[in-house]
>>> print(open('input.tsv').read())   # TSV, C-alpha atoms
chain	number	residue	atom	x	y	z
A	140	MET	CA	81.60	101.37	97.81
A	141	PHE	CA	83.33	102.89	100.85
A	142	ALA	CA	85.36	99.70	101.34
A	143	GLY	CA	86.33	99.69	97.67
A	144	VAL	CA	87.43	103.33	97.72
A	145	THR	CA	89.36	102.74	100.93
A	146	ALA	CA	91.07	99.63	99.55
A	147	ALA	CA	91.94	101.39	96.28
A	148	GLY	CA	93.32	104.41	98.14
A	149	LEU	CA	95.41	102.26	100.46
A	150	ALA	CA	96.68	100.16	97.55
A	151	ALA	CA	97.62	103.24	95.52
A	152	THR	CA	99.37	104.76	98.52
A	153	ALA	CA	101.26	101.51	99.16
A	154	VAL	CA	102.41	101.39	95.53
A	155	LEU	CA	103.53	105.03	95.75
A	156	ALA	CA	105.39	104.29	98.97
A	157	ALA	CA	107.17	101.31	97.41
A	158	VAL	CA	107.81	102.56	93.86
A	159	SER	CA	109.30	106.03	93.62
A	160	PRO	CA	107.90	108.36	90.97
A	161	GLU	CA	111.35	109.99	90.96
A	162	GLU	CA	112.63	107.04	88.91
A	163	PRO	CA	111.60	107.29	85.25
A	164	GLY	CA	109.55	104.57	83.61
A	165	HIS	CA	107.27	103.57	86.50
A	166	TYR	CA	104.42	106.04	86.03
A	167	PRO	CA	103.03	107.79	82.94
A	168	THR	CA	103.94	111.39	82.23
A	169	CYS	CA	101.27	114.03	82.77
A	170	PRO	CA	99.42	114.27	79.43
A	171	PHE	CA	99.05	118.05	79.73
A	172	LEU	CA	102.80	118.43	80.38
A	173	ALA	CA	103.65	116.06	77.51
A	174	VAL	CA	101.50	117.98	75.02
A	175	SER	CA	102.01	121.58	76.15
A	176	GLY	CA	105.27	121.59	78.09
A	177	LEU	CA	103.43	123.38	80.92
A	178	TYR	CA	102.69	122.16	84.43
A	179	CYS	CA	99.10	121.38	85.40
A	180	PRO	CA	97.85	121.81	88.99
A	181	GLY	CA	98.40	118.10	89.59
A	182	CYS	CA	101.97	117.87	88.28
A	183	GLY	CA	104.19	116.64	91.08
A	184	SER	CA	101.33	115.13	93.10
A	185	LEU	CA	102.61	111.56	92.82
A	186	ARG	CA	106.02	112.66	94.02
A	187	ALA	CA	104.41	114.72	96.81
A	188	VAL	CA	102.39	111.74	98.07
A	189	HIS	CA	105.49	109.54	97.81
A	190	ALA	CA	107.39	112.03	99.97
A	191	LEU	CA	104.51	112.14	102.47
A	192	THR	CA	104.60	108.34	102.79
A	193	ARG	CA	108.22	108.79	103.83
A	194	GLY	CA	107.31	111.54	106.31
A	195	ASP	CA	109.13	114.19	104.24
A	196	LEU	CA	106.80	117.17	104.33
A	197	ALA	CA	109.39	119.61	102.96
A	198	THR	CA	109.95	117.57	99.79
A	199	ALA	CA	106.22	117.03	99.38
A	200	TRP	CA	105.73	120.79	99.62
A	201	ASP	CA	108.43	121.34	96.98
A	202	ARG	CA	106.74	118.90	94.60
A	203	ASN	CA	103.16	120.22	94.85
A	204	PRO	CA	102.12	122.60	97.65
A	205	LEU	CA	98.49	122.66	96.52
A	206	ALA	CA	98.22	118.87	96.82
A	207	VAL	CA	99.76	119.02	100.30
A	208	LEU	CA	97.22	121.67	101.33
A	209	LEU	CA	94.21	119.86	99.85
A	210	LEU	CA	95.06	116.32	101.00
A	211	PRO	CA	93.79	116.90	104.58
A	212	THR	CA	90.46	118.08	103.14
A	213	VAL	CA	90.16	114.87	101.13
A	214	LEU	CA	90.95	112.81	104.25
A	215	VAL	CA	88.36	114.71	106.33
A	216	ALA	CA	85.72	114.07	103.64
A	217	TRP	CA	86.64	110.37	103.61
A	218	VAL	CA	86.37	110.10	107.41
A	219	ALA	CA	83.04	111.95	107.37
A	220	TRP	CA	81.76	109.55	104.71
A	221	GLY	CA	82.68	106.59	106.89
A	222	LEU	CA	81.06	108.14	109.95
A	223	ARG	CA	77.83	108.79	108.03
A	224	LEU	CA	77.79	105.16	106.91
A	225	LEU	CA	78.04	104.16	110.57
A	226	GLY	CA	74.96	106.26	111.31
A	227	ARG	CA	76.81	109.12	112.98
A	228	ARG	CA	76.21	112.77	112.25
A	229	ALA	CA	79.09	114.13	110.21
A	230	TRP	CA	79.88	116.91	107.82
A	231	HIS	CA	78.65	116.38	104.25
A	232	PRO	CA	80.36	117.88	101.18
A	233	SER	CA	77.00	118.93	99.75
A	234	ARG	CA	76.84	121.53	102.54
A	235	ILE	CA	79.77	123.46	101.09
A	236	PRO	CA	78.55	126.87	99.92
A	237	ALA	CA	78.76	127.37	96.16
A	238	ALA	CA	80.95	130.44	96.69
A	239	TRP	CA	83.61	128.26	98.37
A	240	ILE	CA	83.64	125.86	95.43
A	241	TRP	CA	84.03	128.77	93.01
A	242	ALA	CA	86.80	130.17	95.20
A	243	LEU	CA	88.59	126.80	95.17
A	244	LEU	CA	88.31	126.71	91.39
A	245	GLY	CA	89.80	130.22	91.29
A	246	VAL	CA	92.69	129.14	93.54
A	247	VAL	CA	93.40	126.08	91.37
A	248	LEU	CA	93.34	128.17	88.18
A	249	ALA	CA	95.56	130.86	89.73
A	250	TYR	CA	97.98	128.16	90.93
A	251	TRP	CA	97.98	126.63	87.45
A	252	VAL	CA	98.96	129.94	85.88
A	253	ALA	CA	101.42	130.95	88.62
A	254	ARG	CA	103.43	127.74	88.45
A	255	ASN	CA	104.03	128.33	84.74
A	256	VAL	CA	105.23	131.94	85.01
A	257	PRO	CA	108.82	132.09	83.73
A	258	GLY	CA	111.25	132.52	86.60
A	259	TRP	CA	108.80	131.37	89.28
A	260	THR	CA	110.49	128.02	89.76
A	261	TRP	CA	109.43	127.94	93.43
A	262	LEU	CA	105.99	126.65	92.30
A	263	SER	CA	107.34	124.22	89.69
A	264	PRO	CA	107.55	120.57	90.71
A	265	ALA	CA	111.24	120.16	91.49
>>> encode(input="input.tsv", output="structure tokens")
Amino acid sequence: MFAGVTAAGLAATAVLAAVSPEEPGHYPTCPFLAVSGLYCPGCGSLRAVHALTRGDLATAWDRNPLAVLLLPTVLVAWVAWGLRLLGRRAWHPSRIPAAWIWALLGVVLAYWVARNVPGWTWLSPA
């Protein structure tokens, strides 16, 4: 399973590096945005990852700052998973206190609301 997840992640990243989400017609529109006209917490994530594959942190931050902040956490969890499979002691996500998970949910919900406040274009995916 680890190899499959790794291969899928690398393949998806390679596609994002090669095919820009900035050009219309290559990727589907966010269903929440299409139905409601509002940005979800993930809106702009494809463009943010595309910018990161180009080494453009500023553009990635403009597209989705939450994704840029959470991506290192996802990578740390992936590395820890691989280390555990190799028999090494490593951090496990099940050790995260419940309060932290609730706090993350609160941050995501607050971000979701804040990026849709009229006039707050600094959180909208540019």
>>> closest_atom_pairs(input="input.tsv", of="stretch 167-225 of chain A", to="stretch 233-250 of chain A", cutoff="10 Å", atoms="only C-alpha atoms", output="CSV")
residue,atom,partner,partner_atom,distance
A:Cys179,CA,A:Tyr250,CA,8.8
A:Pro180,CA,A:Val247,CA,6.6
A:Gly181,CA,A:Val247,CA,9.6
A:Pro204,CA,A:Tyr250,CA,9.7
A:Leu205,CA,A:Tyr250,CA,7.9
>>> residues_around(input="input.tsv", residues="A:Leu191", least_positions_apart="6", cutoff="9 Å", atoms="only C-alpha atoms", output="compact mmCIF listing (two decimals) with C-alpha atoms, in the frame of the given file")
# COMPACT_ATOMS: atom_id res chain seq x y z
CA ALA A 156 105.39 104.29 98.97
CA ALA A 197 109.39 119.61 102.96
CA THR A 198 109.95 117.57 99.79
CA ALA A 199 106.22 117.03 99.38
CA VAL A 207 99.76 119.02 100.30
>>> atom_distance(input="input.tsv", atom1="atom CA of A:His189", atom2="atom CA of A:Ala206")
11.9 Å
>>> closest_residue(input="input.tsv", among="A:Gly258, A:Ser184, A:Ser263, A:Thr145", to="A:Leu210", atoms="all atoms listed in the file")
A:Ser184
>>> residues_around(input="input.tsv", residues="A:Arg202", least_positions_apart="2", cutoff="6 Å", atoms="only C-alpha atoms", output="count of residues only")
6
>>> closest_residue(input="input.tsv", among="A:Gly176, A:Pro167, A:Gly148, A:Gly194", to="A:Leu214", atoms="only C-alpha atoms")
A:Gly148
>>> atom_distance(input="input.tsv", atom1="atom CA of A:Ala151", atom2="atom CA of A:Arg228")
28.8 Å
>>> atom_distance(input="input.tsv", atom1="atom CA of A:Ala219", atom2="atom CA of A:Phe141")
11.2 Å
>>> axis_aligned_box(input="input.tsv", around="stretch 189-196 of chain A", padding_each_side="4 Å", output="lines of an AutoDock Vina configuration file")
center_x = 106.8
center_y = 112.8
center_z = 102.1
size_x = 12.6
size_y = 16.8
size_z = 16.5
>>> decode(input="input.tsv", residues="stretch 150-164 of chain A", atoms="all heavy atoms", output="tab-separated table (two decimals), in the first residue's frame")
chain	number	residue	atom	x	y	z
A	150	ALA	N	3.02	10.42	-9.25
A	150	ALA	CA	2.39	10.57	-10.56
A	150	ALA	C	1.52	11.82	-10.61
A	150	ALA	O	1.57	12.59	-11.57
A	150	ALA	CB	1.57	9.33	-10.91
A	151	ALA	N	0.73	12.03	-9.56
A	151	ALA	CA	-0.13	13.22	-9.52
A	151	ALA	C	0.70	14.50	-9.50
A	151	ALA	O	0.37	15.47	-10.19
A	151	ALA	CB	-1.04	13.16	-8.29
A	152	THR	N	1.79	14.49	-8.76
A	152	THR	CA	2.67	15.66	-8.70
A	152	THR	C	3.32	15.90	-10.06
A	152	THR	O	3.45	17.04	-10.50
A	152	THR	CB	3.72	15.49	-7.60
A	152	THR	OG1	3.04	15.27	-6.35
A	152	THR	CG2	4.59	16.72	-7.48
A	153	ALA	N	3.72	14.83	-10.73
A	153	ALA	CA	4.33	14.97	-12.06
A	153	ALA	C	3.33	15.54	-13.07
A	153	ALA	O	3.68	16.40	-13.87
A	153	ALA	CB	4.85	13.61	-12.54
A	154	VAL	N	2.09	15.09	-13.00
A	154	VAL	CA	1.06	15.63	-13.90
A	154	VAL	C	0.84	17.11	-13.60
A	154	VAL	O	0.76	17.93	-14.51
A	154	VAL	CB	-0.26	14.84	-13.78
A	154	VAL	CG1	-1.40	15.55	-14.48
A	154	VAL	CG2	-0.09	13.43	-14.34
A	155	LEU	N	0.77	17.46	-12.31
A	155	LEU	CA	0.59	18.86	-11.94
A	155	LEU	C	1.78	19.72	-12.36
A	155	LEU	O	1.61	20.89	-12.71
A	155	LEU	CB	0.37	19.00	-10.44
A	155	LEU	CG	-1.06	18.85	-9.97
A	155	LEU	CD1	-1.14	18.82	-8.46
A	155	LEU	CD2	-1.93	19.96	-10.53
A	156	ALA	N	2.96	19.15	-12.32
A	156	ALA	CA	4.14	19.90	-12.75
A	156	ALA	C	4.11	20.13	-14.26
A	156	ALA	O	4.52	21.18	-14.75
A	156	ALA	CB	5.41	19.15	-12.36
A	157	ALA	N	3.59	19.16	-15.01
A	157	ALA	CA	3.62	19.23	-16.46
A	157	ALA	C	2.41	19.96	-17.06
A	157	ALA	O	2.54	20.62	-18.09
A	157	ALA	CB	3.69	17.81	-17.05
A	158	VAL	N	1.26	19.83	-16.43
A	158	VAL	CA	0.02	20.39	-16.97
A	158	VAL	C	-0.51	21.44	-15.99
A	158	VAL	O	-0.99	21.11	-14.92
A	158	VAL	CB	-1.05	19.30	-17.20
A	158	VAL	CG1	-2.30	19.89	-17.80
A	158	VAL	CG2	-0.49	18.20	-18.09
A	159	SER	N	-0.42	22.69	-16.39
A	159	SER	CA	-0.79	23.79	-15.50
A	159	SER	C	-2.29	23.86	-15.25
A	159	SER	O	-3.07	23.88	-16.20
A	159	SER	CB	-0.32	25.12	-16.09
A	159	SER	OG	-0.79	26.19	-15.30
A	160	PRO	N	-2.68	23.95	-13.98
A	160	PRO	CA	-4.10	24.16	-13.67
A	160	PRO	C	-4.55	25.58	-14.01
A	160	PRO	O	-5.73	25.87	-13.98
A	160	PRO	CB	-4.18	23.93	-12.16
A	160	PRO	CG	-2.90	23.35	-11.75
A	160	PRO	CD	-1.89	23.68	-12.80
A	161	GLU	N	-3.60	26.46	-14.32
A	161	GLU	CA	-3.95	27.83	-14.70
A	161	GLU	C	-4.64	27.87	-16.06
A	161	GLU	O	-5.37	28.80	-16.36
A	161	GLU	CB	-2.70	28.71	-14.75
A	161	GLU	CG	-1.92	28.78	-13.45
A	161	GLU	CD	-2.56	29.67	-12.40
A	161	GLU	OE1	-3.51	30.42	-12.73
A	161	GLU	OE2	-2.12	29.61	-11.25
A	162	GLU	N	-4.40	26.86	-16.89
A	162	GLU	CA	-5.02	26.79	-18.20
A	162	GLU	C	-6.36	26.05	-18.08
A	162	GLU	O	-6.41	24.94	-17.59
A	162	GLU	CB	-4.12	26.05	-19.19
A	162	GLU	CG	-2.78	26.72	-19.40
A	162	GLU	CD	-1.84	25.89	-20.25
A	162	GLU	OE1	-2.32	24.98	-20.96
A	162	GLU	OE2	-0.63	26.14	-20.18
A	163	PRO	N	-7.45	26.68	-18.53
A	163	PRO	CA	-8.76	26.04	-18.39
A	163	PRO	C	-8.87	24.77	-19.24
A	163	PRO	O	-8.24	24.63	-20.28
A	163	PRO	CB	-9.74	27.12	-18.88
A	163	PRO	CG	-8.93	28.09	-19.65
A	163	PRO	CD	-7.52	27.98	-19.16
A	164	GLY	N	-9.70	23.85	-18.74
A	164	GLY	CA	-10.01	22.64	-19.49
A	164	GLY	C	-9.21	21.41	-19.13
A	164	GLY	O	-9.53	20.32	-19.60
